[in-house]
file structure.txt (compact mmCIF, C-alpha atoms)
# COMPACT_ATOMS: atom_id res chain seq x y z
CA MET A 275 0.00 0.00 0.00
CA ASP A 276 1.40 3.37 -1.02
CA SER A 277 1.57 6.13 1.53
CA ILE A 278 -0.98 8.91 1.15
CA PHE A 279 1.83 11.39 1.82
CA SER A 280 4.00 10.22 -1.11
CA TYR A 281 3.46 11.48 -4.65
CA ARG A 282 4.73 8.27 -6.26
CA GLY A 283 2.33 5.77 -7.76
CA ARG A 284 -1.30 5.85 -8.80
CA MET A 285 -4.65 6.24 -7.04
CA ASN A 286 -8.08 5.35 -8.39
CA ARG A 287 -11.12 7.65 -8.12
CA SER A 288 -12.87 5.98 -5.20
CA ARG A 289 -9.75 5.82 -3.04
CA TYR A 290 -8.93 9.44 -3.93
CA LEU A 291 -12.40 10.68 -2.98
CA MET A 292 -12.62 8.61 0.22
CA THR A 293 -9.10 9.60 1.33
CA ASN A 294 -9.76 13.29 0.82
CA LEU A 295 -13.22 13.14 2.38
CA GLY A 296 -11.81 11.38 5.45
CA GLY A 297 -8.97 13.89 5.75
CA MET A 298 -11.36 16.80 5.40
CA LEU A 299 -13.68 15.40 8.09
CA LEU A 300 -10.73 14.89 10.44
CA VAL A 301 -9.55 18.48 9.97
CA CYS A 302 -13.11 19.74 10.56
CA LEU A 303 -13.26 17.68 13.76
CA PHE A 304 -9.99 19.21 14.96
CA GLY A 305 -11.35 22.63 13.93
CA ILE A 306 -14.35 22.43 16.25
CA LEU A 307 -12.32 21.23 19.24
CA PRO A 308 -10.77 24.61 20.24
CA PRO A 309 -14.07 26.45 20.75
CA LEU A 310 -15.52 23.45 22.57
CA LEU A 311 -12.57 23.19 24.97
CA ALA A 312 -12.40 26.90 25.77
CA PRO A 313 -15.47 28.75 24.45
CA GLY A 314 -14.53 32.07 26.07
CA GLN A 315 -11.25 32.32 24.12
CA LEU A 316 -12.97 33.32 20.91
CA LEU A 317 -14.84 36.24 22.45
CA ALA A 318 -13.40 39.72 22.24
CA PRO A 319 -11.67 40.63 25.51
CA GLU A 320 -12.87 43.66 27.46
CA GLN A 321 -10.88 46.81 26.99
CA SER A 322 -8.06 46.42 29.49
CA LYS A 323 -4.34 46.86 29.64
CA GLU A 324 -3.78 43.39 31.11
CA LEU A 325 -2.18 40.60 29.13
CA ILE A 326 -4.60 38.19 27.53
CA GLN A 327 -4.33 34.77 29.13
CA VAL A 328 -4.80 31.83 26.81
CA ASN A 329 -6.27 28.60 28.06
CA PRO A 330 -3.66 25.82 27.56
CA LEU A 331 -6.35 23.45 26.25
CA PHE A 332 -7.34 26.02 23.64
CA ALA A 333 -3.72 26.62 22.61
CA GLY A 334 -3.02 22.88 22.37
CA ALA A 335 -6.18 22.26 20.34
CA MET A 336 -5.29 25.12 17.98
CA ILE A 337 -1.80 23.70 17.45
CA ILE A 338 -3.28 20.28 16.66
CA PHE A 339 -5.76 21.94 14.27
CA LEU A 340 -2.99 23.84 12.46
CA ILE A 341 -0.77 20.75 12.16
CA SER A 342 -3.68 18.66 10.87
CA GLY A 343 -4.50 21.40 8.33
CA ILE A 344 -0.93 21.44 7.04
CA CYS A 345 -0.86 17.63 6.82
CA TYR A 346 -4.22 17.59 5.01
CA THR A 347 -3.05 20.22 2.51
CA TRP A 348 0.04 18.14 1.67
CA MET A 349 -2.01 14.94 1.49
CA ALA A 350 -4.59 16.55 -0.82
CA PHE A 351 -1.80 17.84 -3.05
CA VAL A 352 -0.02 14.49 -3.40
CA THR A 353 -3.21 12.44 -3.78
CA CYS A 354 -4.22 14.75 -6.63
CA ILE A 355 -0.83 14.07 -8.25
CA LYS A 356 -1.39 10.33 -7.82
CA ARG A 357 -4.79 10.72 -9.42
CA LEU A 358 -3.13 12.49 -12.37
CA HIS A 359 -0.65 9.64 -12.58
CA ASP A 360 -3.60 7.25 -12.80
CA ARG A 361 -4.77 9.27 -15.82
CA ASP A 362 -1.19 8.92 -17.25
CA LYS A 363 -0.49 12.64 -16.87
CA SER A 364 2.42 14.37 -15.20
CA GLY A 365 1.93 15.81 -11.73
CA TRP A 366 2.68 19.26 -13.14
CA TRP A 367 -0.88 19.31 -14.51
CA ILE A 368 -2.01 20.06 -10.96
CA PHE A 369 -1.19 23.72 -11.52
CA LEU A 370 -4.02 23.94 -14.06
CA GLY A 371 -6.32 23.72 -11.04
CA PHE A 372 -5.24 27.21 -9.98
CA VAL A 373 -6.72 28.84 -13.10
CA PRO A 374 -10.05 30.45 -12.13
CA ILE A 375 -13.20 28.67 -13.37
CA VAL A 376 -11.33 26.55 -15.94
CA GLY A 377 -9.31 24.93 -13.15
CA MET A 378 -12.41 24.07 -11.16
CA VAL A 379 -14.15 22.47 -14.15
CA TRP A 380 -10.94 20.64 -15.09
CA TYR A 381 -10.55 19.37 -11.52
CA ILE A 382 -14.11 18.05 -11.32
CA VAL A 383 -13.99 16.36 -14.72
CA VAL A 384 -10.43 15.01 -14.89
CA ILE A 385 -9.65 14.27 -11.25
CA CYS A 386 -13.06 13.28 -9.88
CA CYS A 387 -15.02 11.84 -12.84
CA LEU A 388 -12.81 10.32 -15.53
CA PRO A 389 -11.48 6.80 -14.99
CA GLY A 390 -7.76 6.07 -14.92
CA THR A 391 -5.88 4.34 -17.69
CA GLY A 392 -6.38 0.60 -17.73
CA GLY A 393 -3.38 -1.60 -17.06
CA GLN A 394 0.12 -0.46 -16.37
CA ASN A 395 1.30 3.00 -17.41
CA ARG A 396 4.54 4.95 -16.91
CA PHE A 397 3.62 5.64 -13.27
CA GLY A 398 2.96 2.09 -12.16
CA VAL A 399 0.46 -0.73 -12.19
CA ASP A 400 -3.30 -0.24 -12.32
CA PRO A 401 -4.46 0.38 -8.71
CA ILE A 402 -7.72 -1.49 -9.32
CA ALA A 403 -5.94 -4.61 -10.62
CA HIS A 404 -3.26 -4.33 -7.91

call {"tool": "encode", "arguments": {"input": "structure.txt", "output": "structure tokens"}}
result
Amino acid sequence: MDSIFSYRGRMNRSRYLMTNLGGMLLVCLFGILPPLLAPGQLLAPEQSKELIQVNPLFAGAMIIFLISGICYTWMAFVTCIKRLHDRDKSGWWIFLGFVPIVGMVWYIVVICCLPGTGGQNRFGVDPIAH
């Protein structure tokens, strides 16, 4: 099994979508933890000259949220490259996704809808047959 943090190899549509959906849900879960652990931290402090004290639980949860967001961003990037490899395209095609409107349509059609190439290609064996 290839690592989801490595850009080498291929990934089929269903694994791509499930991996990214799971990662997104995990980041959302970590995103709701800070306000649940210390709800008063997100409110605007009263006008005072005292230092703002941060709840350690809130700070720890925010650090976990930021780290999970960074990990998810990298994972989403490399799984998209693996999906391009499954379509027998170079990973450099990922930058087309940054073009407004065209990139979004391209992403939905090429990455999420079109099947990968059957059999082995220059990026490895077919992930469905493997």

call {"tool": "closest_residue", "arguments": {"input": "structure.txt", "among": "A:Leu291, A:Pro330, A:Ile337, A:Ser280", "to": "Phe304 of chain A", "atoms": "all atoms listed in the file"}}
result
A:Ile337

call {"tool": "atom_distance", "arguments": {"input": "structure.txt", "atom1": "atom CA of Arg289 of chain A", "atom2": "atom CA of Lys356 of chain A"}}
result
10.6 Å

call {"tool": "residues_near_point", "arguments": {"input": "structure.txt", "point": "(-13.5, 8.5, -5.0)", "cutoff": "12 Å", "atoms": "only C-alpha atoms", "output": "PyMOL selection string"}}
result
chain A and resi 285-296+353-354+357+382+385-390

call {"tool": "residues_around", "arguments": {"input": "structure.txt", "residues": "Tyr281 of chain A", "least_positions_apart": "2", "cutoff": "9 Å", "atoms": "all atoms listed in the file", "output": "PyMOL selection string"}}
result
chain A and resi 277-279+283-284+349+351-356+365

call {"tool": "atom_distance", "arguments": {"input": "structure.txt", "atom1": "atom CA of Leu303 of chain A", "atom2": "atom CA of Val328 of chain A"}}
result
21.0 Å

call {"tool": "residues_around", "arguments": {"input": "structure.txt", "residues": "Leu340 of chain A", "least_positions_apart": "4", "cutoff": "10 Å", "atoms": "only C-alpha atoms", "output": "compact mmCIF listing (two decimals) with C-alpha atoms, in the frame of the given file"}}
result
# COMPACT_ATOMS: atom_id res chain seq x y z
CA VAL A 301 -9.55 18.48 9.97
CA PHE A 304 -9.99 19.21 14.96
CA GLY A 305 -11.35 22.63 13.93
CA GLY A 334 -3.02 22.88 22.37
CA ALA A 335 -6.18 22.26 20.34
CA MET A 336 -5.29 25.12 17.98
CA ILE A 344 -0.93 21.44 7.04
CA CYS A 345 -0.86 17.63 6.82
CA TYR A 346 -4.22 17.59 5.01

call {"tool": "decode", "arguments": {"input": "structure.txt", "residues": "segment 377-394 of chain A", "atoms": "N, CA, C and O atoms", "output": "compact mmCIF listing (two decimals), in the first residue's frame"}}
result
# COMPACT_ATOMS: atom_id res chain seq x y z
N GLY A 377 -9.95 25.88 -14.05
CA GLY A 377 -9.31 24.93 -13.15
C GLY A 377 -10.31 24.12 -12.35
O GLY A 377 -10.14 22.93 -12.13
N MET A 378 -11.39 24.78 -11.93
CA MET A 378 -12.41 24.07 -11.16
C MET A 378 -13.12 23.03 -12.02
O MET A 378 -13.31 21.89 -11.59
N VAL A 379 -13.48 23.42 -13.23
CA VAL A 379 -14.15 22.47 -14.15
C VAL A 379 -13.20 21.33 -14.48
O VAL A 379 -13.58 20.16 -14.47
N TRP A 380 -11.95 21.66 -14.78
CA TRP A 380 -10.94 20.64 -15.09
C TRP A 380 -10.79 19.67 -13.93
O TRP A 380 -10.75 18.46 -14.11
N TYR A 381 -10.71 20.21 -12.70
CA TYR A 381 -10.55 19.37 -11.52
C TYR A 381 -11.71 18.39 -11.38
O TYR A 381 -11.52 17.20 -11.16
N ILE A 382 -12.93 18.90 -11.49
CA ILE A 382 -14.11 18.05 -11.32
C ILE A 382 -14.15 16.95 -12.38
O ILE A 382 -14.41 15.79 -12.09
N VAL A 383 -13.89 17.33 -13.63
CA VAL A 383 -13.99 16.36 -14.72
C VAL A 383 -12.83 15.37 -14.69
O VAL A 383 -13.02 14.15 -14.64
N VAL A 384 -11.60 15.88 -14.73
CA VAL A 384 -10.43 15.01 -14.89
C VAL A 384 -10.09 14.24 -13.62
O VAL A 384 -9.84 13.03 -13.66
N ILE A 385 -10.09 14.91 -12.49
CA ILE A 385 -9.65 14.27 -11.25
C ILE A 385 -10.77 13.42 -10.63
O ILE A 385 -10.54 12.30 -10.17
N CYS A 386 -11.98 13.95 -10.61
CA CYS A 386 -13.06 13.28 -9.88
C CYS A 386 -13.94 12.36 -10.73
O CYS A 386 -14.56 11.45 -10.18
N CYS A 387 -14.04 12.59 -12.03
CA CYS A 387 -15.02 11.84 -12.84
C CYS A 387 -14.41 10.83 -13.82
O CYS A 387 -14.95 9.74 -13.97
N LEU A 388 -13.35 11.21 -14.50
CA LEU A 388 -12.81 10.32 -15.53
C LEU A 388 -12.05 9.15 -14.92
O LEU A 388 -11.33 9.30 -13.94
N PRO A 389 -12.21 7.97 -15.51
CA PRO A 389 -11.48 6.80 -14.99
C PRO A 389 -9.99 6.88 -15.35
O PRO A 389 -9.60 7.58 -16.28
N GLY A 390 -9.19 6.14 -14.62
CA GLY A 390 -7.76 6.07 -14.92
C GLY A 390 -7.49 5.19 -16.13
O GLY A 390 -8.39 4.52 -16.64
N THR A 391 -6.25 5.20 -16.57
CA THR A 391 -5.88 4.34 -17.69
C THR A 391 -5.86 2.89 -17.23
O THR A 391 -5.42 2.59 -16.12
N GLY A 392 -6.36 2.01 -18.06
CA GLY A 392 -6.38 0.60 -17.73
C GLY A 392 -5.00 -0.01 -17.85
O GLY A 392 -4.22 0.36 -18.72
N GLY A 393 -4.68 -0.93 -17.00
CA GLY A 393 -3.38 -1.60 -17.06
C GLY A 393 -2.26 -0.73 -16.54
O GLY A 393 -2.47 0.31 -15.94
N GLN A 394 -1.06 -1.18 -16.83
CA GLN A 394 0.12 -0.46 -16.37
C GLN A 394 0.39 0.75 -17.25
O GLN A 394 0.19 0.70 -18.46
